[in-house]
$ cat input20.pdb   # PDB, C-alpha atoms, pLDDT in the B column
MODEL        1
ATOM      1  CA  MET A   1      69.021 207.329  33.297  1.00 60.00           C
ATOM      2  CA  GLY A   2      70.044 209.989  30.849  1.00 83.00           C
ATOM      3  CA  GLU A   3      70.225 209.869  27.097  1.00 87.00           C
ATOM      4  CA  PHE A   4      73.873 208.799  27.011  1.00 89.00           C
ATOM      5  CA  THR A   5      73.399 206.100  29.645  1.00 91.00           C
ATOM      6  CA  ASP A   6      70.405 204.661  27.790  1.00 91.00           C
ATOM      7  CA  LYS A   7      72.310 204.583  24.514  1.00 92.00           C
ATOM      8  CA  VAL A   8      75.345 202.886  26.090  1.00 94.00           C
ATOM      9  CA  ALA A   9      73.110 200.264  27.693  1.00 94.00           C
ATOM     10  CA  ALA A  10      71.365 199.810  24.338  1.00 95.00           C
ATOM     11  CA  ALA A  11      74.649 199.177  22.568  1.00 96.00           C
ATOM     12  CA  GLY A  12      75.657 196.627  25.205  1.00 96.00           C
ATOM     13  CA  ASN A  13      72.365 194.775  24.893  1.00 97.00           C
ATOM     14  CA  LYS A  14      72.556 194.751  21.115  1.00 97.00           C
ATOM     15  CA  VAL A  15      76.090 193.335  21.136  1.00 97.00           C
ATOM     16  CA  ALA A  16      75.335 190.735  23.805  1.00 97.00           C
ATOM     17  CA  GLY A  17      72.128 189.743  22.028  1.00 97.00           C
ATOM     18  CA  ASN A  18      73.932 189.405  18.724  1.00 97.00           C
ATOM     19  CA  VAL A  19      76.543 187.137  20.311  1.00 98.00           C
ATOM     20  CA  LYS A  20      73.867 184.988  21.985  1.00 98.00           C
ATOM     21  CA  GLU A  21      71.984 184.672  18.722  1.00 98.00           C
ATOM     22  CA  ALA A  22      75.128 183.701  16.788  1.00 98.00           C
ATOM     23  CA  VAL A  23      76.178 181.118  19.388  1.00 98.00           C
ATOM     24  CA  GLY A  24      72.646 179.750  19.475  1.00 98.00           C
ATOM     25  CA  LYS A  25      72.596 179.335  15.717  1.00 98.00           C
ATOM     26  CA  ALA A  26      76.046 177.742  15.708  1.00 98.00           C
ATOM     27  CA  THR A  27      75.063 175.242  18.398  1.00 98.00           C
ATOM     28  CA  ASP A  28      71.516 174.724  17.124  1.00 98.00           C
ATOM     29  CA  ASN A  29      70.131 176.082  20.402  1.00 98.00           C
ATOM     30  CA  GLU A  30      66.788 177.725  19.610  1.00 98.00           C
ATOM     31  CA  LYS A  31      66.349 178.997  23.180  1.00 98.00           C
ATOM     32  CA  LEU A  32      69.625 180.908  22.996  1.00 98.00           C
ATOM     33  CA  VAL A  33      68.699 182.299  19.574  1.00 98.00           C
ATOM     34  CA  ALA A  34      65.406 183.566  20.999  1.00 98.00           C
ATOM     35  CA  GLU A  35      67.146 185.089  24.035  1.00 98.00           C
ATOM     36  CA  GLY A  36      69.586 186.862  21.738  1.00 97.00           C
ATOM     37  CA  GLU A  37      66.812 188.245  19.562  1.00 98.00           C
ATOM     38  CA  ALA A  38      64.918 189.437  22.643  1.00 98.00           C
ATOM     39  CA  GLN A  39      68.009 191.125  24.051  1.00 97.00           C
ATOM     40  CA  GLN A  40      68.613 192.891  20.752  1.00 97.00           C
ATOM     41  CA  ALA A  41      65.009 194.129  20.776  1.00 97.00           C
ATOM     42  CA  LYS A  42      65.540 195.423  24.316  1.00 97.00           C
ATOM     43  CA  GLY A  43      68.611 197.292  23.081  1.00 96.00           C
ATOM     44  CA  THR A  44      66.636 198.830  20.243  1.00 96.00           C
ATOM     45  CA  ALA A  45      63.963 199.991  22.687  1.00 95.00           C
ATOM     46  CA  GLN A  46      66.596 201.498  24.979  1.00 94.00           C
ATOM     47  CA  ASN A  47      68.113 203.332  22.030  1.00 94.00           C
ATOM     48  CA  VAL A  48      64.728 204.803  21.123  1.00 93.00           C
ATOM     49  CA  LYS A  49      64.202 205.792  24.757  1.00 91.00           C
ATOM     50  CA  GLY A  50      67.576 207.545  24.751  1.00 89.00           C
ATOM     51  CA  SER A  51      66.745 209.369  21.533  1.00 90.00           C
ATOM     52  CA  VAL A  52      63.429 210.561  22.964  1.00 90.00           C
ATOM     53  CA  LYS A  53      65.178 211.771  26.099  1.00 86.00           C
ATOM     54  CA  GLY A  54      67.655 213.623  23.916  1.00 86.00           C
ATOM     55  CA  ALA A  55      64.891 215.325  21.996  1.00 87.00           C
ATOM     56  CA  LEU A  56      62.584 216.090  24.941  1.00 84.00           C
ATOM     57  CA  GLY A  57      64.923 216.219  27.903  1.00 73.00           C
ATOM     58  CA  ASP A  58      65.887 213.700  30.571  1.00 59.00           C
ATOM     59  CA  ASP A  59      62.869 214.432  32.774  1.00 60.00           C
ATOM     60  CA  ILE A  60      60.422 212.214  30.873  1.00 55.00           C
TER      61      ILE A  60
ENDMDL
END
$ encode --input "input20.pdb" --output "structure tokens"
Amino acid sequence: MGEFTDKVAAAGNKVAGNVKEAVGKATDNEKLVAEGEAQQAKGTAQNVKGSVKGALGDDI
């Protein structure tokens, strides 16, 4: 995946994770809160990966 693709996927994971976390908190569902937090972390990692690809090229 290229820089742009990684960053788009990152944004999607951050949004979906945020929604899961909010719904989990609203329904007192700790498992859903944890899933949301994990998905947001995945999005952050994808964003970093995209930034590195942007700085160093897509071939890494």
$ closest_atom_pairs --input "input20.pdb" --of "range 33-55 of chain A" --to "range 2-12 of chain A" --cutoff "6 Å" --atoms "all atoms listed in the file" --output "tab-separated table"
residue	atom	partner	partner_atom	distance
A:Gly43	CA	A:Ala10	CA	3.9
A:Gln46	CA	A:Ala10	CA	5.1
A:Asn47	CA	A:Lys7	CA	5.0
A:Gly50	CA	A:Glu3	CA	4.2
A:Lys53	CA	A:Glu3	CA	5.5
A:Gly54	CA	A:Glu3	CA	5.6
$ closest_residue --input "input20.pdb" --among "A:Ala45, A:Gly57, A:Gln39, A:Val52" --to "Asn13 in chain A" --atoms "only C-alpha atoms"
A:Gln39
$ atom_distance --input "input20.pdb" --atom1 "CA of Asn18 in chain A" --atom2 "CA of Val33 in chain A"
8.9 Å
$ residues_near_point --input "input20.pdb" --point "(73.4, 188.6, 19.0)" --cutoff "9 Å" --atoms "all atoms listed in the file" --output "ChimeraX atom specification"
/A:13-24,33,35-37,39-40
$ decode --input "input20.pdb" --residues "range 27-39 of chain A" --atoms "all heavy atoms" --output "compact mmCIF listing (two decimals), in the first residue's frame"
# COMPACT_ATOMS: atom_id res chain seq x y z
N THR A 27 -22.81 1.87 26.73
CA THR A 27 -23.53 0.65 27.09
C THR A 27 -22.84 -0.14 28.20
O THR A 27 -23.25 -1.25 28.51
CB THR A 27 -23.70 -0.26 25.86
OG1 THR A 27 -22.40 -0.61 25.36
CG2 THR A 27 -24.51 0.42 24.77
N ASP A 28 -21.80 0.45 28.74
CA ASP A 28 -21.02 -0.18 29.82
C ASP A 28 -20.47 -1.55 29.37
O ASP A 28 -20.52 -2.52 30.10
CB ASP A 28 -21.86 -0.32 31.09
CG ASP A 28 -20.99 -0.47 32.33
OD1 ASP A 28 -19.84 0.02 32.32
OD2 ASP A 28 -21.45 -1.10 33.30
N ASN A 29 -19.97 -1.58 28.14
CA ASN A 29 -19.42 -2.79 27.55
C ASN A 29 -17.89 -2.63 27.45
O ASN A 29 -17.38 -2.04 26.51
CB ASN A 29 -20.05 -3.02 26.17
CG ASN A 29 -19.59 -4.30 25.51
OD1 ASN A 29 -18.52 -4.82 25.80
ND2 ASN A 29 -20.40 -4.79 24.58
N GLU A 30 -17.19 -3.16 28.44
CA GLU A 30 -15.73 -2.99 28.50
C GLU A 30 -15.02 -3.64 27.32
O GLU A 30 -13.99 -3.14 26.86
CB GLU A 30 -15.18 -3.54 29.82
CG GLU A 30 -15.58 -2.71 31.02
CD GLU A 30 -15.05 -1.27 30.95
OE1 GLU A 30 -13.89 -1.07 30.54
OE2 GLU A 30 -15.83 -0.36 31.29
N LYS A 31 -15.55 -4.76 26.83
CA LYS A 31 -14.94 -5.43 25.68
C LYS A 31 -14.97 -4.53 24.45
O LYS A 31 -13.97 -4.41 23.73
CB LYS A 31 -15.65 -6.75 25.39
CG LYS A 31 -15.04 -7.52 24.24
CD LYS A 31 -15.76 -8.82 23.97
CE LYS A 31 -15.14 -9.49 22.75
NZ LYS A 31 -15.92 -10.62 22.27
N LEU A 32 -16.08 -3.88 24.22
CA LEU A 32 -16.22 -2.99 23.08
C LEU A 32 -15.32 -1.76 23.23
O LEU A 32 -14.72 -1.29 22.26
CB LEU A 32 -17.68 -2.57 22.89
CG LEU A 32 -18.06 -1.96 21.55
CD1 LEU A 32 -17.69 -2.87 20.39
CD2 LEU A 32 -19.55 -1.66 21.51
N VAL A 33 -15.20 -1.26 24.45
CA VAL A 33 -14.29 -0.14 24.71
C VAL A 33 -12.86 -0.54 24.35
O VAL A 33 -12.15 0.19 23.66
CB VAL A 33 -14.37 0.32 26.18
CG1 VAL A 33 -13.27 1.33 26.50
CG2 VAL A 33 -15.74 0.92 26.50
N ALA A 34 -12.46 -1.72 24.79
CA ALA A 34 -11.10 -2.20 24.51
C ALA A 34 -10.88 -2.41 23.01
O ALA A 34 -9.82 -2.07 22.48
CB ALA A 34 -10.85 -3.50 25.26
N GLU A 35 -11.88 -2.95 22.33
CA GLU A 35 -11.77 -3.13 20.87
C GLU A 35 -11.61 -1.79 20.18
O GLU A 35 -10.82 -1.65 19.24
CB GLU A 35 -13.00 -3.85 20.33
CG GLU A 35 -13.06 -5.32 20.65
CD GLU A 35 -14.34 -5.97 20.13
OE1 GLU A 35 -15.10 -5.35 19.36
OE2 GLU A 35 -14.60 -7.13 20.54
N GLY A 36 -12.37 -0.80 20.62
CA GLY A 36 -12.29 0.53 20.04
C GLY A 36 -10.93 1.16 20.25
O GLY A 36 -10.34 1.75 19.34
N GLU A 37 -10.40 1.01 21.45
CA GLU A 37 -9.07 1.56 21.75
C GLU A 37 -8.01 0.87 20.91
O GLU A 37 -7.09 1.52 20.39
CB GLU A 37 -8.76 1.42 23.23
CG GLU A 37 -9.60 2.35 24.10
CD GLU A 37 -9.47 2.07 25.59
OE1 GLU A 37 -8.93 1.01 25.98
OE2 GLU A 37 -9.91 2.93 26.37
N ALA A 38 -8.13 -0.44 20.75
CA ALA A 38 -7.16 -1.19 19.94
C ALA A 38 -7.24 -0.78 18.48
O ALA A 38 -6.21 -0.64 17.81
CB ALA A 38 -7.41 -2.69 20.08
N GLN A 39 -8.44 -0.56 17.98
CA GLN A 39 -8.60 -0.17 16.59
C GLN A 39 -8.03 1.23 16.35
O GLN A 39 -7.44 1.50 15.32
CB GLN A 39 -10.06 -0.25 16.17
CG GLN A 39 -10.25 -0.14 14.67
CD GLN A 39 -11.61 -0.60 14.20
OE1 GLN A 39 -12.46 -0.97 15.00
NE2 GLN A 39 -11.82 -0.60 12.90
